[in-house]
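With mmCIF, C-alpha atoms inside, this is run.cif:
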```
data_work
loop_
_atom_site.label_atom_id
_atom_site.label_comp_id
_atom_site.auth_asym_id
_atom_site.auth_seq_id
_atom_site.Cartn_x
_atom_site.Cartn_y
_atom_site.Cartn_z
CA MET A 863 -19.82 55.00 32.44
CA ALA A 864 -20.50 52.37 35.07
CA ASP A 865 -20.12 48.76 33.94
CA GLU A 866 -22.94 46.22 34.03
CA ASN A 867 -21.83 44.96 37.45
CA THR A 868 -22.22 48.35 39.09
CA PRO A 869 -25.16 48.24 41.53
CA LYS A 870 -28.07 50.39 40.45
CA PRO A 871 -28.94 53.34 42.69
CA SER A 872 -32.25 53.50 44.50
CA TYR A 873 -34.64 56.35 43.77
CA THR A 874 -37.22 58.00 46.02
CA LEU A 875 -39.47 60.55 44.35
CA HIS A 876 -41.00 63.15 46.67
CA VAL A 877 -44.17 64.70 45.23
CA TYR A 878 -47.46 66.23 46.21
CA TYR A 879 -50.39 63.94 45.50
CA THR A 880 -50.22 63.52 41.77
CA ARG A 881 -53.92 63.93 41.08
CA TYR A 882 -53.28 67.64 41.58
CA SER A 883 -49.65 67.80 40.50
CA SER A 884 -48.21 69.32 37.36
CA TRP A 885 -44.50 69.13 38.13
CA GLY A 886 -44.22 65.84 39.98
CA VAL A 887 -46.55 63.94 37.70
CA ARG A 888 -44.26 64.50 34.73
CA VAL A 889 -41.38 62.79 36.50
CA GLN A 890 -43.58 59.98 37.73
CA LEU A 891 -44.83 59.34 34.20
CA VAL A 892 -41.24 59.06 32.97
CA PHE A 893 -40.48 56.51 35.69
CA GLU A 894 -43.61 54.54 34.85
CA TYR A 895 -43.40 54.62 31.06
CA PHE A 896 -39.74 53.60 30.96
CA ASN A 897 -40.16 51.04 33.74
CA ILE A 898 -37.50 52.50 36.02
CA PRO A 899 -37.83 51.16 39.60
CA TYR A 900 -38.49 53.81 42.22
CA LYS A 901 -40.28 54.56 45.47
CA VAL A 902 -42.65 57.47 45.92
CA ALA A 903 -43.41 59.62 48.97
CA TYR A 904 -46.62 61.65 48.71
CA TYR A 905 -47.39 64.89 50.56
CA ASN A 906 -50.31 67.27 51.05
CA TYR A 907 -49.31 70.82 51.90
CA THR A 908 -52.90 71.68 52.93
CA ASP A 909 -52.82 69.11 55.75
CA ALA A 910 -50.41 69.83 58.60
CA SER A 911 -49.95 66.11 59.26
CA GLN A 912 -48.80 65.48 55.69
CA THR A 913 -46.63 68.47 54.86
CA PRO A 914 -43.13 67.66 53.63
CA PRO A 915 -40.03 68.33 55.75
CA VAL A 916 -38.67 71.85 55.58
CA ASP A 917 -35.94 70.81 53.15
CA LEU A 918 -38.54 69.41 50.74
CA THR A 919 -40.94 72.31 50.39
CA VAL A 920 -40.30 72.77 46.67
CA LEU A 921 -41.30 69.54 44.97
CA PRO A 922 -40.65 67.34 43.08
CA VAL A 923 -37.38 66.17 44.57
CA LEU A 924 -35.56 62.97 43.69
CA ASP A 925 -33.33 61.33 46.28
CA VAL A 926 -30.70 59.05 44.78
CA LEU A 927 -28.84 56.58 46.97
CA SER A 928 -25.88 54.92 45.28
CA ILE A 929 -24.84 51.56 46.70
CA PRO A 930 -21.06 51.43 47.08
CA ARG A 931 -19.16 48.64 45.32
CA LEU A 932 -16.69 48.41 48.21
CA ALA A 933 -17.96 47.36 51.61
CA GLN A 934 -15.99 50.04 53.44
CA ALA A 935 -17.23 52.87 51.21
CA GLU A 936 -20.02 55.18 52.27
CA THR A 937 -23.39 55.28 50.54
CA GLU A 938 -23.60 58.31 48.28
CA HIS A 939 -26.68 60.50 48.49
CA LEU A 940 -27.67 62.86 45.70
CA ARG A 941 -30.72 65.13 45.90
CA ILE A 942 -32.07 66.56 42.63
CA THR A 943 -34.64 69.31 42.44
CA ASP A 944 -36.68 70.47 39.42
CA SER A 945 -38.65 68.14 37.17
CA LEU A 946 -36.55 68.73 34.05
CA ALA A 947 -33.26 68.28 35.90
CA ILE A 948 -34.56 64.98 37.30
CA CYS A 949 -35.59 63.76 33.86
CA GLU A 950 -32.24 64.76 32.35
CA PHE A 951 -30.47 62.84 35.11
CA LEU A 952 -32.56 59.73 34.41
CA ALA A 953 -31.86 60.04 30.68
CA GLU A 954 -28.12 59.97 31.43
CA GLN A 955 -28.47 57.04 33.81
CA TYR A 956 -30.47 54.94 31.34
CA PRO A 957 -29.18 55.76 27.84
CA ASP A 958 -30.48 52.46 26.45
CA LYS A 959 -34.07 53.39 27.36
CA HIS A 960 -33.97 56.43 25.06
CA LEU A 961 -35.83 58.94 27.24
CA TRP A 962 -35.00 61.44 24.48
CA PRO A 963 -35.33 60.61 20.76
CA THR A 964 -32.37 58.75 19.30
CA ASP A 965 -32.21 60.96 16.20
CA SER A 966 -30.34 64.21 16.80
CA HIS A 967 -32.85 66.33 14.86
CA LEU A 968 -35.84 64.94 16.73
CA ARG A 969 -33.96 65.11 20.00
CA ALA A 970 -33.32 68.83 19.50
CA THR A 971 -36.99 69.36 18.71
CA ALA A 972 -38.08 67.42 21.78
CA ARG A 973 -35.77 69.39 24.03
CA ALA A 974 -36.93 72.71 22.56
CA VAL A 975 -40.65 72.08 23.13
CA THR A 976 -39.97 70.62 26.58
CA ALA A 977 -38.16 73.80 27.55
CA GLN A 978 -41.06 75.90 26.30
CA MET A 979 -43.56 73.90 28.34
CA HIS A 980 -41.28 73.99 31.36
CA SER A 981 -41.10 77.78 31.46
CA GLY A 982 -44.04 79.09 29.44
CA PHE A 983 -47.84 79.21 29.16
CA ALA A 984 -48.16 81.28 32.34
CA ALA A 985 -51.70 82.52 31.67
CA LEU A 986 -53.08 79.04 31.10
CA ARG A 987 -51.34 77.66 34.19
CA ALA A 988 -52.51 80.47 36.43
CA ALA A 989 -56.14 80.17 35.34
CA TYR A 990 -56.39 76.38 35.38
CA PRO A 991 -54.87 74.60 38.40
CA CYS A 992 -54.22 70.91 37.78
CA ASN A 993 -56.95 68.57 38.94
CA PHE A 994 -57.08 65.30 37.02
CA VAL A 995 -60.37 63.96 38.34
CA ALA A 996 -62.46 67.15 38.30
CA LYS A 997 -64.76 68.33 35.52
CA PHE A 998 -65.80 71.99 35.39
CA GLU A 999 -68.34 73.35 32.93
CA GLY A 1000 -70.11 76.66 32.36
CA PRO A 1001 -69.65 80.22 31.11
CA GLY A 1002 -67.90 81.27 34.32
CA ILE A 1003 -64.73 79.39 33.44
CA PRO A 1004 -62.17 82.03 32.42
CA PHE A 1005 -60.99 82.09 28.82
CA ASP A 1006 -59.55 85.54 28.22
CA ASP A 1007 -57.25 86.64 25.40
CA ALA A 1008 -54.08 85.59 27.23
CA ILE A 1009 -55.40 82.08 27.88
CA ALA A 1010 -56.67 81.76 24.31
CA LYS A 1011 -53.23 82.81 23.04
CA ASP A 1012 -51.55 80.10 25.13
CA VAL A 1013 -54.01 77.48 23.86
CA ARG A 1014 -53.40 78.48 20.23
CA LYS A 1015 -49.66 78.29 20.83
CA LEU A 1016 -50.03 74.78 22.22
CA PHE A 1017 -52.11 73.59 19.30
CA THR A 1018 -49.75 75.13 16.75
CA MET A 1019 -46.73 73.61 18.47
CA TRP A 1020 -48.21 70.10 18.53
CA GLU A 1021 -49.25 70.33 14.90
CA ASP A 1022 -45.86 71.64 13.79
CA VAL A 1023 -43.85 69.06 15.74
CA ARG A 1024 -45.96 66.15 14.54
CA ALA A 1025 -45.74 67.29 10.90
CA LYS A 1026 -41.95 67.63 11.07
CA THR A 1027 -41.62 64.35 12.93
CA LYS A 1028 -43.53 62.41 10.27
CA ILE A 1029 -41.29 63.83 7.55
CA ARG A 1030 -38.12 63.07 9.52
CA LEU A 1031 -39.13 59.51 10.40
CA ALA A 1032 -40.09 58.79 6.80
CA LEU A 1033 -36.64 60.00 5.72
CA LEU A 1034 -35.02 57.75 8.33
CA GLY A 1035 -37.27 54.82 7.47
CA GLU A 1036 -38.33 54.51 11.11
CA GLU A 1037 -41.69 53.70 12.69
CA ASP A 1038 -43.89 56.53 13.88
CA GLN A 1039 -45.48 55.56 17.20
CA GLY A 1040 -47.69 58.64 17.23
CA PHE A 1041 -46.04 60.59 20.04
CA LEU A 1042 -44.67 64.09 19.53
CA CYS A 1043 -41.33 62.93 18.15
CA GLY A 1044 -42.30 59.41 17.16
CA ALA A 1045 -41.58 57.33 20.24
CA PHE A 1046 -42.64 58.47 23.70
CA SER A 1047 -40.10 60.80 25.28
CA ILE A 1048 -39.65 63.31 28.08
CA ALA A 1049 -41.33 65.85 25.80
CA ASP A 1050 -44.63 63.96 25.89
CA ALA A 1051 -44.43 63.62 29.67
CA PHE A 1052 -44.02 67.38 30.03
CA PHE A 1053 -47.26 68.02 28.13
CA TRP A 1054 -49.23 65.40 30.09
CA PRO A 1055 -50.51 67.84 32.76
CA VAL A 1056 -51.67 70.43 30.22
CA LEU A 1057 -53.86 67.76 28.64
CA TRP A 1058 -55.61 67.50 32.00
CA ARG A 1059 -56.14 71.23 32.07
CA LEU A 1060 -57.80 71.17 28.65
CA ARG A 1061 -60.08 68.35 29.80
CA THR A 1062 -60.79 69.57 33.34
CA TYR A 1063 -61.79 73.09 32.27
CA ASN A 1064 -63.62 72.09 29.08
CA VAL A 1065 -61.29 74.11 26.85
CA PRO A 1066 -62.55 74.16 23.24
CA LEU A 1067 -60.42 72.28 20.74
CA ALA A 1068 -61.28 74.62 17.89
CA GLY A 1069 -58.22 75.31 15.79
CA ILE A 1070 -56.34 72.08 16.39
CA GLY A 1071 -55.78 69.88 13.35
CA ASP A 1072 -55.81 66.14 12.79
CA ASP A 1073 -52.17 65.66 13.79
CA GLY A 1074 -52.69 67.35 17.14
CA ARG A 1075 -55.88 65.43 17.87
CA LYS A 1076 -54.24 62.12 16.96
CA TRP A 1077 -51.37 62.88 19.33
CA MET A 1078 -53.86 63.71 22.10
CA LYS A 1079 -55.68 60.44 21.42
CA THR A 1080 -52.39 58.52 21.56
CA MET A 1081 -51.57 60.10 24.91
CA TRP A 1082 -54.98 59.78 26.54
CA ASN A 1083 -55.65 56.21 25.47
CA HIS A 1084 -52.21 54.64 25.92
CA PRO A 1085 -52.18 51.87 28.60
CA VAL A 1086 -49.46 53.53 30.68
CA MET A 1087 -51.31 56.85 30.79
CA LYS A 1088 -54.59 55.04 31.50
CA ALA A 1089 -52.90 53.26 34.42
CA GLN A 1090 -51.66 56.60 35.73
CA GLY A 1091 -55.19 57.95 35.45
CA ASN A 1092 -56.45 55.02 37.50
CA GLU A 1093 -53.88 55.92 40.16
CA TYR A 1094 -55.25 59.46 40.35
CA PHE A 1095 -58.79 58.14 40.81
CA LYS A 1096 -57.49 55.79 43.50
CA GLN A 1097 -56.03 58.79 45.30
CA GLU A 1098 -59.34 60.63 44.94
CA ARG A 1099 -61.09 57.88 46.90
CA ASP A 1100 -58.76 58.54 49.86
CA PRO A 1101 -59.91 61.66 51.77
CA LEU A 1102 -56.37 62.25 53.03
CA THR A 1103 -55.33 63.27 49.52
CA LYS A 1104 -57.92 66.04 49.19
CA MET A 1105 -56.73 69.60 48.57
CA ALA A 1106 -59.92 71.63 48.79
CA LEU A 1107 -58.51 74.79 47.18
CA TYR A 1108 -58.21 72.88 43.87
CA ASP A 1109 -61.58 71.17 44.11
CA ASP A 1110 -63.39 74.36 45.17
CA VAL A 1111 -61.69 76.71 42.72
CA PHE A 1112 -65.11 77.92 41.47
CA SER A 1113 -66.92 77.74 44.78
CA GLY A 1114 -69.70 80.34 44.95
CA LYS A 1115 -69.88 80.79 41.18
CA PRO A 1116 -73.35 79.68 40.05
CA ASP A 1117 -72.33 79.82 36.38
CA VAL A 1118 -69.83 76.95 36.82
CA THR A 1119 -70.85 73.39 37.61
CA ALA A 1120 -68.39 71.00 39.23
CA GLY A 1121 -68.29 67.25 38.79
CA LYS A 1122 -65.79 64.58 37.90
CA PHE A 1123 -64.94 62.44 34.90
CA ALA A 1124 -65.70 58.75 34.71
CA GLU A 1125 -62.67 56.60 35.41
CA ASP A 1126 -63.10 54.75 32.11
CA TRP A 1127 -63.30 57.98 30.06
CA ARG A 1128 -61.60 57.80 26.66
CA PHE A 1129 -60.70 60.54 24.21
CA ASP A 1130 -62.33 59.89 20.85
CA GLY A 1131 -60.36 62.53 19.01
CA ALA A 1132 -63.34 64.83 18.51
CA ALA A 1133 -63.96 66.75 21.71
CA ILE A 1134 -63.15 66.66 25.38
#
```

How would this structure read if it were set down as structure tokens?
Amino acid sequence: MADENTPKPSYTLHVYYTRYSSWGVRVQLVFEYFNIPYKVAYYNYTDASQTPPVDLTVLPVLDVLSIPRLAQAETEHLRITDSLAICEFLAEQYPDKHLWPTDSHLRATARAVTAQMHSGFAALRAAYPCNFVAKFEGPGIPFDDAIAKDVRKLFTMWEDVRAKTKIRLALLGEEDQGFLCGAFSIADAFFWPVLWRLRTYNVPLAGIGDDGRKWMKTMWNHPVMKAQGNEYFKQERDPLTKMALYDDVFSGKPDVTAGKFAEDWRFDGAAI
């Protein structure tokens, strides 16, 4: 492990505009919550003037530049693809920030649910593209059996993890901060975009219990997440960030109305 005098590397995160992002926004939230310095480069693949270079077409990508300790040494450049790989790298670089839970049991749980979110819930993802600012309502919004199954799985997972976490933290005599595994971790960041999807597409919360709702309230109303939400609204005010295919997903469907949420919206724990 590098000693305390080792210069810290510089990070540049390459992402599509995060008001529409599901992959990049997870990494950005980890950077922001754990106060890790970084730069960000935004792209818009629907605008020819803002498309990423050919070697950055699959985002997010993290560029890491390590400053050499010896003047004659060359700067080392590492490029990391995939949101989970990036987060794992950051967790190794900043062990004292505890990007994963410190307890081995809770850490295993956090990694398990993160992996499920990383690779699963295909029906929900396909039906509901990420769009943080938008608000769609009406009977024309799809909610077939496959989507409903994914939603039930989410709710059950959140309830189960929170129940087990409360028992484990009580046994350890540690504070429960209300996130999935007690303190905020990579696991919470990976479920951040799906919370948008539930809100954006007015997905019913029927079937979720108190523990799941309390976790949602903790996520939605936390100052760091609120600040990220403000950033998405700031992007929305810049026409260069617009990706019409996500805003017009129900264009021509009279049974769906399109609007947007208020920037000061808060989740009260009852309904979206």

Counting all atoms listed in the file, the option among A:Phe1052, A:Phe1095, A:Phe1123, A:Trp1020 closest to Trp885 of chain A: A:Phe1052

Ground truth for the PyMOL selection byres ((chain A and resi 1103) around 9), written as number ranges by chain: A: 879, 881, 904-906, 909, 1097-1102, 1104-1105

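Taking all atoms listed in the file into account, Gly1002 of chain A lies nearest to A:Asn1064 out of the set A:Ser981, A:Asn1092, A:Ser884, A:Asn1064.
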
Residue with smallest distance to Asp1109 of chain A - pool A:Arg969, A:Lys997, A:His876, A:Arg1030, counting only C-alpha atoms: A:Lys997

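Closest approach to Leu918 of chain A among A:Val877, A:Ala1124, A:Cys1043, A:Ala953: A:Val877, based on all atoms listed in the file.
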
Residues matched by the PyMOL selection byres ((chain A and resi 1127) around 12) as JSON, numbers by chain: {"A": [994, 995, 997, 1061, 1079, 1082, 1083, 1088, 1091, 1092, 1095, 1122, 1123, 1124, 1125, 1126, 1128, 1129, 1130, 1134]}

Restricting it to C-alpha atoms, dump the selection as a short mmCIF file (atom, residue, chain, number, x, y, z; two decimals), keeping the file's coordinate frame.
```cif
data_model
loop_
_atom_site.label_atom_id
_atom_site.label_comp_id
_atom_site.auth_asym_id
_atom_site.auth_seq_id
_atom_site.Cartn_x
_atom_site.Cartn_y
_atom_site.Cartn_z
CA PHE A 994 -57.08 65.30 37.02
CA VAL A 995 -60.37 63.96 38.34
CA LYS A 997 -64.76 68.33 35.52
CA ARG A 1061 -60.08 68.35 29.80
CA LYS A 1079 -55.68 60.44 21.42
CA TRP A 1082 -54.98 59.78 26.54
CA ASN A 1083 -55.65 56.21 25.47
CA LYS A 1088 -54.59 55.04 31.50
CA GLY A 1091 -55.19 57.95 35.45
CA ASN A 1092 -56.45 55.02 37.50
CA PHE A 1095 -58.79 58.14 40.81
CA LYS A 1122 -65.79 64.58 37.90
CA PHE A 1123 -64.94 62.44 34.90
CA ALA A 1124 -65.70 58.75 34.71
CA GLU A 1125 -62.67 56.60 35.41
CA ASP A 1126 -63.10 54.75 32.11
CA ARG A 1128 -61.60 57.80 26.66
CA PHE A 1129 -60.70 60.54 24.21
CA ASP A 1130 -62.33 59.89 20.85
CA ILE A 1134 -63.15 66.66 25.38
#
```

Minimum-distance residue to Ala1010 of chain A, chosen among A:Tyr882, A:Phe983, A:Tyr895, A:Tyr956 (using only C-alpha atoms): A:Phe983

Atom-to-atom span, atom CA of Thr874 of chain A and atom CA of Asp925 of chain A, Å: 5.1 Å

His967 of chain A surroundings by all atoms listed in the file, 12 Å radius, close-in-sequence under 2 positions cut, as an MDAnalysis selection string: chainID A and resid 962:965 969:974 1023 1026:1027 1029:1031 1033:1034 1043:1044

What would the file look like if the residues just selected were written as an mmCIF file, keeping the file's coordinate frame with C-alpha atoms?
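Produced file selection.cif, reproduced below:
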```
data_model
loop_
_atom_site.group_PDB
_atom_site.id
_atom_site.type_symbol
_atom_site.label_atom_id
_atom_site.label_comp_id
_atom_site.auth_asym_id
_atom_site.auth_seq_id
_atom_site.Cartn_x
_atom_site.Cartn_y
_atom_site.Cartn_z
ATOM 1 C CA TRP A 962 -35.000 61.440 24.480
ATOM 2 C CA PRO A 963 -35.330 60.610 20.760
ATOM 3 C CA THR A 964 -32.370 58.750 19.300
ATOM 4 C CA ASP A 965 -32.210 60.960 16.200
ATOM 5 C CA ARG A 969 -33.960 65.110 20.000
ATOM 6 C CA ALA A 970 -33.320 68.830 19.500
ATOM 7 C CA THR A 971 -36.990 69.360 18.710
ATOM 8 C CA ALA A 972 -38.080 67.420 21.780
ATOM 9 C CA ARG A 973 -35.770 69.390 24.030
ATOM 10 C CA ALA A 974 -36.930 72.710 22.560
ATOM 11 C CA VAL A 1023 -43.850 69.060 15.740
ATOM 12 C CA LYS A 1026 -41.950 67.630 11.070
ATOM 13 C CA THR A 1027 -41.620 64.350 12.930
ATOM 14 C CA ILE A 1029 -41.290 63.830 7.550
ATOM 15 C CA ARG A 1030 -38.120 63.070 9.520
ATOM 16 C CA LEU A 1031 -39.130 59.510 10.400
ATOM 17 C CA LEU A 1033 -36.640 60.000 5.720
ATOM 18 C CA LEU A 1034 -35.020 57.750 8.330
ATOM 19 C CA CYS A 1043 -41.330 62.930 18.150
ATOM 20 C CA GLY A 1044 -42.300 59.410 17.160
#
```

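Between atom CA of Tyr878 of chain A and atom CA of Lys1115 of chain A there is a distance of 27.2 Å.
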